[in-house]
Every structure is written in structure tokens, then in C-alpha cells.
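Student: This structure is in C-alpha cells; I'll ask about it shortly.
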2 protein chains.
Amino acid sequence: MNSTAVLPRKRGRPAKDEGDYRATREALLNAGVAVLTEKGFSATGIDEILKSVGVPKGSFYHFFASKEAFGAALIARYDEYFVRKLDRFFLDEARSPLDRIDAFFADAERGMKRFGFRRGCLVGNLGQEMGTLPEAFRAQLTDVLLGWQRRTATVLEQAQRDGEIDRSTDCTEWAAFLWTGWEGAVLRAKLERKAAPLQMFARIFRQSIGA
Amino acid sequence: MNSTAVLPRKRGRPAKDEGDYRATREALLNAGVAVLTEKGFSATGIDEILKSVGVPKGSFYHFFASKEAFGAALIARYDEYFVRKLDRFFLDEARSPLDRIDAFFADAERGMKRFGFRRGCLVGNLGQEMGTLPEAFRAQLTDVLLGWQRRTATVLEQAQRDGEIDRSTDCTEWAAFLWTGWEGAVLRAKLERKAAPLQMFARIFRQSIGA
């Protein structure tokens, strides 16, 4: 439900202001995602994000109803970005299904390297912090992971049809195994500030699932 | 280097006070480990830990030089506790080597269940938070994980000698794979508040490494 599309624009509000509002909200979402992938929710001050975007402190509630609503919007934004990335790799018919997963792993490694292994996965960070987060984040984060897993199970089923993996493999369970382990690998890469944990996980995963 | 063992005790300080000091320091370490396994470092106030033990706020520096020194002592304490647990399972010759690992997984599952899946792994929590933690924690946490991995590699080598796993398996790499994936499984169990991610990881790990 997008209320801005339903409610009439305030009479006399010029189109430029509307554009500015959207642009600022976008900037807040982008800055928020960047900070949450690096530091998580508890250690992140809203002030820091507002400052980085140049929004006065008093204006925050003009854009989001609460810190919790902002957090929920950040999870949704990260998921949109991530699903686009997954689809780009997982639906790439130029590669074999298992090669698509490897290509995603390699891309994720480049992404972490680009930020000096400081940024990890927003969902992993918030999952780890769930003990201190708004309870509604729990279902949202779980649903996000289940969405990634469904996409992964579909690629694994294609790999099965193509004979890259055994017919007896439970693709849904292995998709869960991939995301469980990969979140651990991202955590470890961030801790050690190197690509080795990602490469190790990708190598053993392929070796284990391969027919 | 333990300065309390080197410096002469203050003249006239009764043995009872010494005992109280140690008991209070122990209580602070135990309370700190419990809170860090649940909430991590950033979301944890020293005040909250002091209060739970009944130590006045001003006394903290009597026990630890800084919040960082306290954190380092908590990591060391958790490692001691965890290594004792690992040895109890991994050196248990009544079980086959791979069964010892399964027994450890099952015990960890019981441990998480006992605390309603609110408490995870102190090392995983702090690893995830490394972006905002004192830089010295990075090497300490990495060393702790390498210690657990060495113990795990030893069990896997025994499994190899006993024919439970293939001779071509790289035990050091699979030990790293276990801890990388297990930290991910603990994170996921905490997020979803259920044992399924732990059971799934244990099952697929065994199935993948088995000869």
C-alpha cells in the first residue's frame, strides 16, 4: 500500500518539492542500508545517518514514523536490492545452474572487497542483534531469508534436472543450508577482513552438493 | 601477566576481602558472558551488568581497567568455558569421532533451547559487531575460532583414520567449514527462535563429510 499514490498531493505544493522529498527519503534509505550493513542497528545513531545526508534532526519524522519504521523500510530496501542481484545471477541461462551460484558467490566477494570487508549482510547483522530489536523485525528478516532460499531452491532444482546434482538431493533443505552457511561465511570474512572464508565456503558447498 | 600475583597484597588487607574481590570479579565475568551471548557488546551497558551483580557503578574500575579490558576478559572466559565443553565431547573415546561432533551439536541445541534461543555464541555476536568494537578484539576472536578449529580438525583426522570420512578430505578446511557454517546456524536459530537451523546444519554436515 503506497499512501503517496493514493492521497491527493497538497494543493499548491510544487512538483519540485515533491521530488526533493522523494530524493531525500531515498538518500536516507541508501545511507541507512550502508550503515546497517557495516554496524548494525544498536550501534547506529539516527543522527549520524541524518547528518551524512544533510537532513536536520527535527525532520526525521517527516520521512519515517519512527526508528522502527525506518528499520523496517531499510530491511525491505535491502531485500529489493538483493533479490535483483540474485535474479541477475540465478536466472542467467548462459551459465549452468551451479555456475550461477558460484558467480553470485564471486560477485558477493568482490562486493565485500570493495568496502574493505567492513560491510556484511544487513540481514545477518540484524539477525544477530534480534535480542535487542523490535519484535516485528523477526518475521520480516525470516521472510527475507525464505525468499532468497526459494530462489536458490529453484536453481538447485534446475541443476538436478541438468544432472549437476544428484536426484536424491533435497533442494529446499540445501538452499537453507546455503544461506545458513553463507551468513556465517560473511560474518567470518568481516571479522578477518579477508575473502578466504567466502572462498572456502563456496568451494566446499559446490564440492558437497555436486553429483 | 597477572599483576595481582606479582604485587604484594596491601598490608593488613584481610583474606576475606581478597575472597570477596575474586568472587565479585567472577560474578561480573559470569554476568557479562550471559549478556554478551544474548545482546552483544554495543547494546550492553556496563551499568546493567554491575546492577545485576549488585556492584556500585563507581567500583567497576576496581575490577577492570576499562570496558575494553572487560570485553577481552569476557572473550577469554567464554573461550575457556567453550574449550572445556569441546574437549568433553571431542575427546570422548566411547563415541566414534563423527558421533562426538554430533553429540556436541545436540548439546549446543539443548543449551540454546534452555535459554529460549535468546543466547547465541559470544564469538559470533562480537564477530558480527567487529565494525564498532575495539580493534584488538579482532585478533582475539580469530584466535579463539582457530583454537576451536584445531580441536575439530583433530577429531576429523581421527574419523579419517577410522574410515568414517574419506582419505582425500582436507580436515583443516572442513574444520573451518564447520565453524563458519555453525556460527551461521546459531545466528539463524536465534533469529527464528527454534532448533531447526541447528539440526539442519548438523544433518547436512554429517551427510556431506561422511565417506
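Going through the C-alpha cells in order, the chains are called A, B, and so on, while each chain numbers its residues from 1 and the ligands are numbered from 1 in the order shown.
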Sorted by chain and rising residue number, list the residues of chain A at most 6 Å from chain B (counting only C-alpha atoms), each with its closest atom pair and distance in Å to one decimal, as a Markdown table.
Tutor:
| residue | atom | partner | partner_atom | distance |
| --- | --- | --- | --- | --- |
| A:Lys39 | CA | B:Gly131 | CA | 5.5 |
| A:Ser42 | CA | B:Ala43 | CA | 5.7 |
| A:Ala43 | CA | B:Ser42 | CA | 5.7 |
| A:Gly127 | CA | B:Leu191 | CA | 5.2 |
| A:Gln128 | CA | B:Leu187 | CA | 5.6 |
| A:Gly131 | CA | B:Lys39 | CA | 5.5 |
| A:Thr180 | CA | B:Gly184 | CA | 5.0 |
| A:Gly181 | CA | B:Gly181 | CA | 4.0 |
| A:Glu183 | CA | B:Gly184 | CA | 5.3 |
| A:Gly184 | CA | B:Gly184 | CA | 3.8 |
| A:Ala185 | CA | B:Thr180 | CA | 5.4 |
| A:Leu187 | CA | B:Gln128 | CA | 5.6 |
| A:Leu191 | CA | B:Gly127 | CA | 5.3 |
| A:Ser208 | CA | B:Ser208 | CA | 5.5 |
Student: Quick one: pull the distance between CA of Phe105 (chain A) and CA of Val144 (chain B), Å, one decimal.
Tutor: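 CA of Val144 (chain B) lies at a distance of 26.3 Å from CA of Phe105 (chain A).
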Student: List the spatial neighbours of region 154-164 of chain B as a PyMOL selection string - criterion: any atom at most 10 Å away, only C-alpha atoms, same-chain residues fewer than 5 positions off excluded.
Tutor: chain B and resi 89-91+96-101+149+169-172+174-175+209-211
